[in-house]
$ cat model_6.tsv   # TSV, C-alpha atoms
chain	number	residue	atom	x	y	z
A	151	MET	CA	74.79	259.93	40.00
A	152	ASN	CA	75.02	256.22	39.45
A	153	SER	CA	72.77	255.59	42.46
A	154	GLN	CA	70.09	257.95	41.14
A	155	LYS	CA	70.21	256.36	37.67
A	156	LEU	CA	69.88	252.92	39.26
A	157	GLN	CA	66.84	254.00	41.30
A	158	LYS	CA	65.23	255.59	38.23
A	159	PHE	CA	65.82	252.47	36.11
A	160	THR	CA	64.43	250.30	38.90
A	161	GLY	CA	61.26	252.38	39.06
A	162	ILE	CA	60.71	252.23	35.30
A	163	PHE	CA	61.32	248.47	35.24
A	164	SER	CA	58.82	247.97	38.13
A	165	ALA	CA	56.19	250.02	36.32
A	166	VAL	CA	56.65	248.01	33.11
A	167	CYS	CA	56.43	244.68	34.95
A	168	GLY	CA	53.34	245.78	36.84
A	169	GLY	CA	51.60	246.80	33.63
A	170	LEU	CA	52.41	243.46	32.04
A	171	LEU	CA	51.01	241.59	35.02
A	172	ILE	CA	47.78	243.59	34.88
A	173	SER	CA	47.30	243.07	31.11
A	174	LEU	CA	48.05	239.33	31.06
A	175	PRO	CA	44.45	238.20	32.06
A	176	ALA	CA	42.93	240.44	29.42
A	177	ILE	CA	45.35	239.18	26.77
A	178	SER	CA	44.63	235.57	27.77
A	179	GLN	CA	40.85	236.06	27.55
A	180	THR	CA	41.19	237.74	24.14
A	181	ALA	CA	43.29	234.85	22.81
A	182	VAL	CA	40.80	232.28	24.06
A	183	ALA	CA	37.94	234.24	22.53
A	184	GLN	CA	39.75	234.35	19.18
A	185	GLN	CA	40.49	230.63	19.23
A	186	SER	CA	36.99	229.50	20.31
A	187	PRO	CA	34.28	229.75	17.65
A	188	THR	CA	30.99	231.37	18.53
A	189	VAL	CA	28.44	228.73	19.58
A	190	THR	CA	24.84	229.41	18.66
A	191	PRO	CA	22.01	227.25	20.00
A	192	GLN	CA	20.54	225.00	17.34
A	193	GLN	CA	16.89	224.77	16.86
A	194	SER	CA	15.29	221.57	18.09
A	195	THR	CA	14.79	219.06	15.33
A	196	SER	CA	12.85	216.54	17.37
A	197	LYS	CA	9.67	215.22	15.75
A	198	VAL	CA	6.35	214.44	17.39
A	199	ASN	CA	5.43	210.78	16.99
A	200	PRO	CA	2.12	210.74	15.03
A	201	CYS	CA	1.57	207.08	15.98
A	202	PRO	CA	2.11	206.91	19.75
A	203	ARG	CA	2.27	203.57	21.46
A	204	ILE	CA	-0.98	204.25	23.32
A	205	PHE	CA	-2.91	203.53	20.09
A	206	TYR	CA	-1.78	199.90	20.40
A	207	GLU	CA	-2.59	199.45	24.10
A	208	GLU	CA	-5.98	198.76	25.64
A	209	PRO	CA	-8.52	200.28	25.71
A	210	HIS	CA	-7.40	202.44	22.75
A	211	ASN	CA	-6.29	199.36	20.76
A	212	SER	CA	-9.94	198.26	20.42
A	213	ARG	CA	-11.67	201.67	20.52
A	214	VAL	CA	-9.62	204.24	18.57
A	215	VAL	CA	-8.88	204.29	14.83
A	216	VAL	CA	-5.22	205.15	14.19
A	217	PRO	CA	-4.33	208.13	11.91
A	218	GLN	CA	-3.59	207.57	8.25
A	219	GLY	CA	-0.05	206.29	7.69
A	220	CYS	CA	0.15	204.44	11.03
A	221	PRO	CA	0.27	200.65	11.35
A	222	PRO	CA	-3.31	199.47	12.00
A	223	ASN	CA	-4.31	198.49	15.55
A	224	ALA	CA	-6.99	195.89	16.34
A	225	LEU	CA	-9.98	198.22	15.72
A	226	THR	CA	-8.54	199.72	12.53
A	227	GLN	CA	-7.76	196.25	11.12
A	228	ARG	CA	-11.25	194.99	11.97
A	229	LEU	CA	-13.02	197.94	10.32
A	230	ALA	CA	-10.76	197.68	7.28
A	231	ASN	CA	-11.58	193.97	6.90
A	232	GLN	CA	-15.31	194.80	7.08
A	233	GLY	CA	-14.96	197.52	4.43
A	234	LEU	CA	-15.90	200.30	6.89
A	235	LEU	CA	-12.77	202.37	6.19
A	236	PRO	CA	-11.57	204.05	2.97
A	237	GLU	CA	-9.01	201.91	1.14
A	238	ASN	CA	-6.06	204.22	2.00
A	239	SER	CA	-7.08	205.00	5.59
A	240	SER	CA	-4.65	202.48	7.03
A	241	THR	CA	-1.66	200.73	5.55
A	242	THR	CA	0.58	197.96	6.71
A	243	THR	CA	3.72	199.29	5.01
A	244	THR	CA	6.47	200.67	7.25
A	245	SER	CA	8.54	203.69	6.28
A	246	THR	CA	12.08	204.58	7.40
A	247	TYR	CA	10.66	207.01	9.91
A	248	GLN	CA	8.33	204.35	11.29
A	249	THR	CA	11.25	201.97	11.78
A	250	GLY	CA	13.19	204.56	13.74
A	251	LEU	CA	10.31	205.26	16.08
A	252	GLY	CA	9.32	201.64	16.69
A	253	VAL	CA	5.55	202.24	16.60
A	254	GLY	CA	5.73	205.57	14.81
A	255	GLY	CA	4.83	206.55	11.30
A	256	GLU	CA	4.93	209.25	8.72
A	257	THR	CA	3.26	212.52	9.54
A	258	PRO	CA	-0.12	212.63	7.76
A	259	GLN	CA	-0.16	215.28	5.07
A	260	ALA	CA	-2.75	217.99	5.19
A	261	GLY	CA	-5.85	217.16	3.17
A	262	ALA	CA	-4.86	213.51	2.70
A	263	SER	CA	-7.39	212.08	5.17
A	264	LYS	CA	-10.88	211.06	4.04
A	265	ILE	CA	-14.15	211.02	5.94
A	266	ASN	CA	-15.43	207.50	6.62
A	267	PRO	CA	-18.76	207.23	4.74
A	268	CYS	CA	-19.82	204.31	6.98
A	269	PRO	CA	-18.96	205.34	10.57
A	270	ARG	CA	-19.17	202.73	13.29
A	271	ILE	CA	-21.97	204.62	15.08
A	272	TYR	CA	-24.43	203.30	12.45
A	273	TYR	CA	-23.81	199.80	13.84
A	274	GLU	CA	-24.22	200.66	17.54
A	275	GLU	CA	-27.41	201.15	19.50
A	276	PRO	CA	-29.68	203.05	19.27
A	277	PHE	CA	-28.70	203.96	15.67
A	278	ASN	CA	-28.24	200.30	14.72
A	279	SER	CA	-32.00	199.68	15.04
A	280	ARG	CA	-33.30	203.17	14.08
A	281	ASN	CA	-31.24	204.61	11.22
A	282	VAL	CA	-30.74	203.46	7.63
A	283	VAL	CA	-27.08	203.42	6.56
A	284	PRO	CA	-25.99	205.30	3.40
A	285	GLN	CA	-25.88	203.47	0.07
A	286	GLY	CA	-22.71	201.43	-0.36
A	287	CYS	CA	-22.33	200.70	3.37
A	288	PRO	CA	-22.84	197.25	4.92
A	289	PRO	CA	-26.43	197.11	6.27
A	290	ASN	CA	-27.12	197.55	9.98
A	291	ALA	CA	-30.05	195.89	11.78
A	292	PHE	CA	-32.56	198.57	10.78
A	293	SER	CA	-31.49	198.59	7.12
A	294	GLN	CA	-31.89	194.83	6.98
A	295	GLY	CA	-35.32	195.11	8.59
A	296	GLN	CA	-36.33	197.42	5.76
A	297	GLY	CA	-35.38	194.79	3.17
A	298	ASN	CA	-32.27	196.62	1.95
A	299	ILE	CA	-30.37	193.37	1.35
A	300	SER	CA	-30.44	190.57	-1.15
A	301	SER	CA	-31.36	186.96	-0.46
A	302	GLN	CA	-27.67	186.16	0.16
A	303	GLY	CA	-27.19	188.74	2.90
A	304	VAL	CA	-25.43	191.21	0.60
A	305	PRO	CA	-26.61	194.86	0.33
A	306	VAL	CA	-28.63	195.47	-2.81
A	307	SER	CA	-26.39	197.24	-5.30
A	308	PRO	CA	-27.71	200.65	-6.41
A	309	GLN	CA	-28.31	201.07	-10.14
A	310	VAL	CA	-26.59	203.97	-11.86
A	311	SER	CA	-28.52	205.51	-14.74
A	312	THR	CA	-26.49	206.50	-17.83
A	313	GLY	CA	-29.19	207.85	-20.16
A	314	GLU	CA	-30.82	204.99	-22.05
A	315	THR	CA	-28.83	202.27	-20.25
A	316	SER	CA	-28.22	201.49	-16.61
A	317	THR	CA	-25.46	199.56	-14.90
A	318	THR	CA	-25.37	197.73	-11.59
A	319	GLN	CA	-22.45	198.28	-9.25
A	320	THR	CA	-20.95	195.02	-7.98
A	321	PRO	CA	-20.72	194.78	-4.16
A	322	LEU	CA	-17.24	194.88	-2.71
A	323	PRO	CA	-15.82	191.53	-1.50
A	324	SER	CA	-15.69	192.96	2.03
A	325	GLN	CA	-19.48	193.42	1.89
A	326	GLN	CA	-20.10	189.73	1.14
A	327	GLN	CA	-20.73	187.48	4.12
A	328	THR	CA	-20.94	183.75	4.73
A	329	PRO	CA	-24.00	182.52	6.72
A	330	SER	CA	-23.24	181.62	10.33
A	331	ALA	CA	-25.96	178.95	10.25
A	332	THR	CA	-28.78	177.62	8.05
A	333	ILE	CA	-32.20	176.44	9.18
A	334	ALA	CA	-35.19	174.91	7.38
A	335	LEU	CA	-38.18	177.23	7.83
A	336	ALA	CA	-41.71	175.95	8.39
A	337	ASN	CA	-44.08	177.96	6.16
A	338	GLY	CA	-41.71	180.92	6.30
A	339	LYS	CA	-41.64	180.94	10.12
A	340	VAL	CA	-38.99	180.04	12.67
A	341	ASP	CA	-38.85	179.45	16.43
A	342	VAL	CA	-35.86	180.98	18.23
A	343	ARG	CA	-34.62	179.88	21.64
A	344	LEU	CA	-32.33	182.47	23.25
A	345	ILE	CA	-29.96	180.93	25.81
A	346	ASN	CA	-28.17	183.50	27.99
A	347	ASP	CA	-25.03	181.83	29.34
A	348	THR	CA	-23.58	185.13	30.61
A	349	GLY	CA	-23.86	186.40	34.16
A	350	ALA	CA	-25.44	189.67	33.02
A	351	LYS	CA	-28.84	190.73	31.71
A	352	VAL	CA	-29.13	190.87	27.94
A	353	THR	CA	-31.59	193.20	26.21
A	354	TYR	CA	-33.00	191.73	23.00
A	355	GLN	CA	-35.59	192.90	20.46
A	356	VAL	CA	-37.25	191.34	17.43
A	357	ILE	CA	-37.34	194.32	15.09
A	358	GLY	CA	-40.90	195.02	13.96
A	359	ASP	CA	-42.42	192.36	16.29
A	360	THR	CA	-41.51	193.10	19.90
A	361	GLU	CA	-40.30	195.90	22.12
A	362	ALA	CA	-36.93	195.66	23.87
A	363	ARG	CA	-36.99	192.91	26.51
A	364	SER	CA	-34.54	191.72	29.18
A	365	LEU	CA	-33.25	188.18	29.58
A	366	GLU	CA	-31.67	187.37	32.93
A	367	GLY	CA	-28.24	185.73	33.08
A	368	LYS	CA	-28.16	181.93	33.03
A	369	SER	CA	-31.72	181.71	31.65
A	370	ASN	CA	-33.45	181.16	28.31
A	371	VAL	CA	-36.59	182.19	26.45
A	372	MET	CA	-38.51	180.81	23.45
A	373	LEU	CA	-39.65	183.12	20.62
A	374	GLN	CA	-42.27	181.25	18.56
A	375	GLY	CA	-43.68	181.80	15.08
A	376	ILE	CA	-41.33	184.55	13.91
A	377	SER	CA	-41.81	185.39	10.24
A	378	ALA	CA	-38.66	185.59	8.11
A	379	PRO	CA	-36.90	187.74	7.09
A	380	VAL	CA	-36.37	189.13	10.57
A	381	THR	CA	-33.66	190.87	12.59
A	382	VAL	CA	-33.00	190.31	16.30
A	383	THR	CA	-30.74	192.72	18.20
A	384	PHE	CA	-28.73	192.05	21.38
A	385	GLN	CA	-27.10	194.27	24.00
A	386	ARG	CA	-25.51	193.37	27.33
A	387	GLU	CA	-26.82	195.75	30.01
A	388	ASP	CA	-23.38	195.94	31.64
A	389	GLY	CA	-21.85	197.12	28.35
A	390	GLY	CA	-19.70	193.99	27.90
A	391	LEU	CA	-18.93	192.15	24.68
A	392	LEU	CA	-21.30	189.44	23.49
A	393	LEU	CA	-20.53	186.27	21.53
A	394	VAL	CA	-23.61	184.97	19.66
A	395	THR	CA	-23.67	181.39	18.32
A	396	PRO	CA	-26.72	180.29	16.25
A	397	GLN	CA	-27.34	176.59	15.57
A	398	ALA	CA	-30.28	174.69	14.11
A	399	SER	CA	-31.87	172.38	16.68
A	400	THR	CA	-31.27	168.69	16.12
A	401	THR	CA	-34.37	167.65	18.09
A	402	GLN	CA	-37.00	170.21	17.04
A	403	PRO	CA	-37.28	171.03	13.31
A	404	GLY	CA	-37.73	174.71	12.49
A	405	MET	CA	-36.14	175.89	15.75
A	406	LEU	CA	-32.93	177.92	15.96
A	407	GLU	CA	-30.95	177.78	19.20
A	408	VAL	CA	-28.99	180.99	19.83
A	409	THR	CA	-26.42	180.87	22.64
A	410	LEU	CA	-25.17	184.13	24.17
A	411	LYS	CA	-21.77	184.09	25.91
A	412	GLU	CA	-19.21	186.61	27.14
A	413	ALA	CA	-16.65	187.66	24.52
A	414	THR	CA	-13.12	188.89	25.21
A	415	ASP	CA	-12.23	189.89	21.66
A	416	LEU	CA	-13.87	192.93	20.07
A	417	SER	CA	-13.93	191.11	16.72
A	418	GLN	CA	-16.31	188.53	18.26
A	419	ASP	CA	-18.79	191.11	19.57
A	420	THR	CA	-22.24	190.71	17.96
A	421	LYS	CA	-25.08	193.24	18.02
A	422	ALA	CA	-27.63	191.74	15.61
A	423	MET	CA	-28.75	188.50	13.97
A	424	ARG	CA	-30.56	188.36	10.61
A	425	ILE	CA	-32.64	185.35	9.49
A	426	GLN	CA	-33.33	185.34	5.75
A	427	GLN	CA	-36.33	183.90	3.91
A	428	ASN	CA	-34.14	181.04	2.66
A	429	GLY	CA	-33.11	180.14	6.23
A	430	SER	CA	-29.62	181.67	6.11
A	431	VAL	CA	-28.53	183.26	9.39
A	432	PHE	CA	-26.11	186.22	9.41
A	433	LEU	CA	-24.44	187.94	12.37
A	434	ASN	CA	-23.32	191.58	12.59
$ encode --input "model_6.tsv" --output "structure tokens"
Amino acid sequence: MNSQKLQKFTGIFSAVCGGLLISLPAISQTAVAQQSPTVTPQQSTSKVNPCPRIFYEEPHNSRVVVPQGCPPNALTQRLANQGLLPENSSTTTTSTYQTGLGVGGETPQAGASKINPCPRIYYEEPFNSRNVVPQGCPPNAFSQGQGNISSQGVPVSPQVSTGETSTTQTPLPSQQQTPSATIALANGKVDVRLINDTGAKVTYQVIGDTEARSLEGKSNVMLQGISAPVTVTFQREDGGLLLVTPQASTTQPGMLEVTLKEATDLSQDTKAMRIQQNGSVFLN
């Protein structure tokens, strides 16, 4: 009897121990699950840089206008100095977000951007010598050829009628320009010697007097008896930048020597030269 009870007790004890061994993994996993909080993937909070570094590297640095709110690159700064951009198109202030991104900036808000009323295309060929710019914009070569400027090289201010009285809008300071040279005219006429110091052909044209002509590199040509006011346009045939330097001749009165050289800075690039009736010479 004792032997049978011992065998029965041993069987029950074995069954209990086996059940505990089987349930231990499940109990362990349940405890871990209760102790570990549920992890949910967080949505990405990364921001797209509205002012990427490429805006400040060539060729984009001198060809692309940065978005509103970004630090100005070379082209944006040049157009802003010339008054060809709205006043709030580019700022030099840096926000907290800009500082964190290095060359970044605040995301432009919808509807905050303005259309440039004086786009650069008006000052590039062929539009520079064929199209009149809108009122309020700095004159291009064609506008100057039509007499749309004052004797000081400043666009004529449009008059605004207010019933019985009219007022004249004062030109912006950015539209005022200092003459690059001054020459004494002979009976309202001037001789111009073009000196091409570049290694490329340069296409030039006296607006209203001549068709487009080519001047070989390292050569010169004399344009005689040109009546002022007059506009002369320039364009390198290889598409490069052109530095134009006018200077009154010290040996021949009434002659203007204009030297054409390669330019490496976009701010030095010149497309047109305007000679006024008073002998003032302006470059654009």
$ atom_distance --input "model_6.tsv" --atom1 "CA of Leu433 (chain A)" --atom2 "CA of Pro209 (chain A)"
24.2 Å
$ atom_distance --input "model_6.tsv" --atom1 "CA of Glu361 (chain A)" --atom2 "CA of Phe384 (chain A)"
12.2 Å
$ closest_residue --input "model_6.tsv" --among "A:Ala422, A:Leu229, A:Leu392, A:Ala331" --to "Val380 (chain A)" --atoms "all atoms listed in the file"
A:Ala422
$ atom_distance --input "model_6.tsv" --atom1 "CA of Arg363 (chain A)" --atom2 "CA of Ser293 (chain A)"
20.9 Å
$ closest_residue --input "model_6.tsv" --among "A:Asn231, A:Asn346, A:Ser330, A:Thr353" --to "Met423 (chain A)" --atoms "all atoms listed in the file"
A:Ser330
$ closest_residue --input "model_6.tsv" --among "A:Pro329, A:Gly429, A:Gly358, A:Gly349" --to "Phe292 (chain A)" --atoms "all atoms listed in the file"
A:Gly358
$ residues_near_point --input "model_6.tsv" --point "(-24.5, 185.2, 21.1)" --cutoff "6 Å" --atoms "all atoms listed in the file" --output "JSON, numbers by chain"
{"A": [392, 393, 394, 395, 409, 410, 411]}
$ closest_residue --input "model_6.tsv" --among "A:Val431, A:Met405, A:Leu416, A:Leu373" --to "Asn223 (chain A)" --atoms "only C-alpha atoms"
A:Leu416
$ residues_near_point --input "model_6.tsv" --point "(-25.1, 195.6, 9.8)" --cutoff "12 Å" --atoms "all atoms listed in the file" --output "PyMOL selection string"
chain A and resi 232-234+268-275+277-284+286-295+298-299+303-305+325-327+381-383+420-424+432-434
$ build_atoms --input "model_6.tsv" --residues "region 363-382 of chain A" --atoms "N, CA and C atoms" --output "PDB file, in the frame of the given file"
ATOM      1  N   ARG A 363     -36.724 193.729  25.331  1.00  0.00           N
ATOM      2  CA  ARG A 363     -36.990 192.910  26.510  1.00  0.00           C
ATOM      3  C   ARG A 363     -35.669 192.509  27.150  1.00  0.00           C
ATOM      4  N   SER A 364     -35.730 192.134  28.445  1.00  0.00           N
ATOM      5  CA  SER A 364     -34.540 191.720  29.180  1.00  0.00           C
ATOM      6  C   SER A 364     -34.567 190.221  29.443  1.00  0.00           C
ATOM      7  N   LEU A 365     -33.406 189.601  29.291  1.00  0.00           N
ATOM      8  CA  LEU A 365     -33.250 188.180  29.580  1.00  0.00           C
ATOM      9  C   LEU A 365     -32.185 188.033  30.653  1.00  0.00           C
ATOM     10  N   GLU A 366     -32.584 187.500  31.802  1.00  0.00           N
ATOM     11  CA  GLU A 366     -31.670 187.370  32.930  1.00  0.00           C
ATOM     12  C   GLU A 366     -30.512 186.425  32.572  1.00  0.00           C
ATOM     13  N   GLY A 367     -29.385 186.608  33.287  1.00  0.00           N
ATOM     14  CA  GLY A 367     -28.240 185.730  33.080  1.00  0.00           C
ATOM     15  C   GLY A 367     -28.563 184.306  33.493  1.00  0.00           C
ATOM     16  N   LYS A 368     -27.959 183.352  32.778  1.00  0.00           N
ATOM     17  CA  LYS A 368     -28.160 181.930  33.030  1.00  0.00           C
ATOM     18  C   LYS A 368     -29.628 181.519  32.902  1.00  0.00           C
ATOM     19  N   SER A 369     -30.322 182.068  31.908  1.00  0.00           N
ATOM     20  CA  SER A 369     -31.720 181.710  31.650  1.00  0.00           C
ATOM     21  C   SER A 369     -31.942 181.677  30.147  1.00  0.00           C
ATOM     22  N   ASN A 370     -33.154 181.245  29.732  1.00  0.00           N
ATOM     23  CA  ASN A 370     -33.450 181.160  28.310  1.00  0.00           C
ATOM     24  C   ASN A 370     -34.911 181.532  28.079  1.00  0.00           C
ATOM     25  N   VAL A 371     -35.236 181.826  26.827  1.00  0.00           N
ATOM     26  CA  VAL A 371     -36.590 182.190  26.450  1.00  0.00           C
ATOM     27  C   VAL A 371     -36.869 181.669  25.043  1.00  0.00           C
ATOM     28  N   MET A 372     -38.128 181.318  24.767  1.00  0.00           N
ATOM     29  CA  MET A 372     -38.510 180.810  23.450  1.00  0.00           C
ATOM     30  C   MET A 372     -39.328 181.875  22.712  1.00  0.00           C
ATOM     31  N   LEU A 373     -38.920 182.198  21.482  1.00  0.00           N
ATOM     32  CA  LEU A 373     -39.650 183.120  20.620  1.00  0.00           C
ATOM     33  C   LEU A 373     -40.265 182.271  19.502  1.00  0.00           C
ATOM     34  N   GLN A 374     -41.588 182.168  19.471  1.00  0.00           N
ATOM     35  CA  GLN A 374     -42.270 181.250  18.560  1.00  0.00           C
ATOM     36  C   GLN A 374     -42.931 181.987  17.403  1.00  0.00           C
ATOM     37  N   GLY A 375     -42.949 181.307  16.246  1.00  0.00           N
ATOM     38  CA  GLY A 375     -43.680 181.800  15.080  1.00  0.00           C
ATOM     39  C   GLY A 375     -43.184 183.115  14.535  1.00  0.00           C
ATOM     40  N   ILE A 376     -41.881 183.304  14.459  1.00  0.00           N
ATOM     41  CA  ILE A 376     -41.330 184.550  13.910  1.00  0.00           C
ATOM     42  C   ILE A 376     -41.255 184.425  12.397  1.00  0.00           C
ATOM     43  N   SER A 377     -41.810 185.403  11.702  1.00  0.00           N
ATOM     44  CA  SER A 377     -41.810 185.390  10.240  1.00  0.00           C
ATOM     45  C   SER A 377     -40.484 185.911   9.704  1.00  0.00           C
ATOM     46  N   ALA A 378     -39.907 185.170   8.757  1.00  0.00           N
ATOM     47  CA  ALA A 378     -38.660 185.590   8.110  1.00  0.00           C
ATOM     48  C   ALA A 378     -38.998 186.369   6.826  1.00  0.00           C
ATOM     49  N   PRO A 379     -38.159 187.353   6.448  1.00  0.00           N
ATOM     50  CA  PRO A 379     -36.900 187.740   7.090  1.00  0.00           C
ATOM     51  C   PRO A 379     -37.144 188.558   8.359  1.00  0.00           C
ATOM     52  N   VAL A 380     -36.221 188.437   9.300  1.00  0.00           N
ATOM     53  CA  VAL A 380     -36.370 189.130  10.570  1.00  0.00           C
ATOM     54  C   VAL A 380     -34.987 189.417  11.140  1.00  0.00           C
ATOM     55  N   THR A 381     -34.908 190.480  11.935  1.00  0.00           N
ATOM     56  CA  THR A 381     -33.660 190.870  12.590  1.00  0.00           C
ATOM     57  C   THR A 381     -33.879 190.906  14.095  1.00  0.00           C
ATOM     58  N   VAL A 382     -32.958 190.298  14.839  1.00  0.00           N
ATOM     59  CA  VAL A 382     -33.000 190.310  16.300  1.00  0.00           C
ATOM     60  C   VAL A 382     -31.732 191.002  16.795  1.00  0.00           C
TER      61      VAL A 382
END
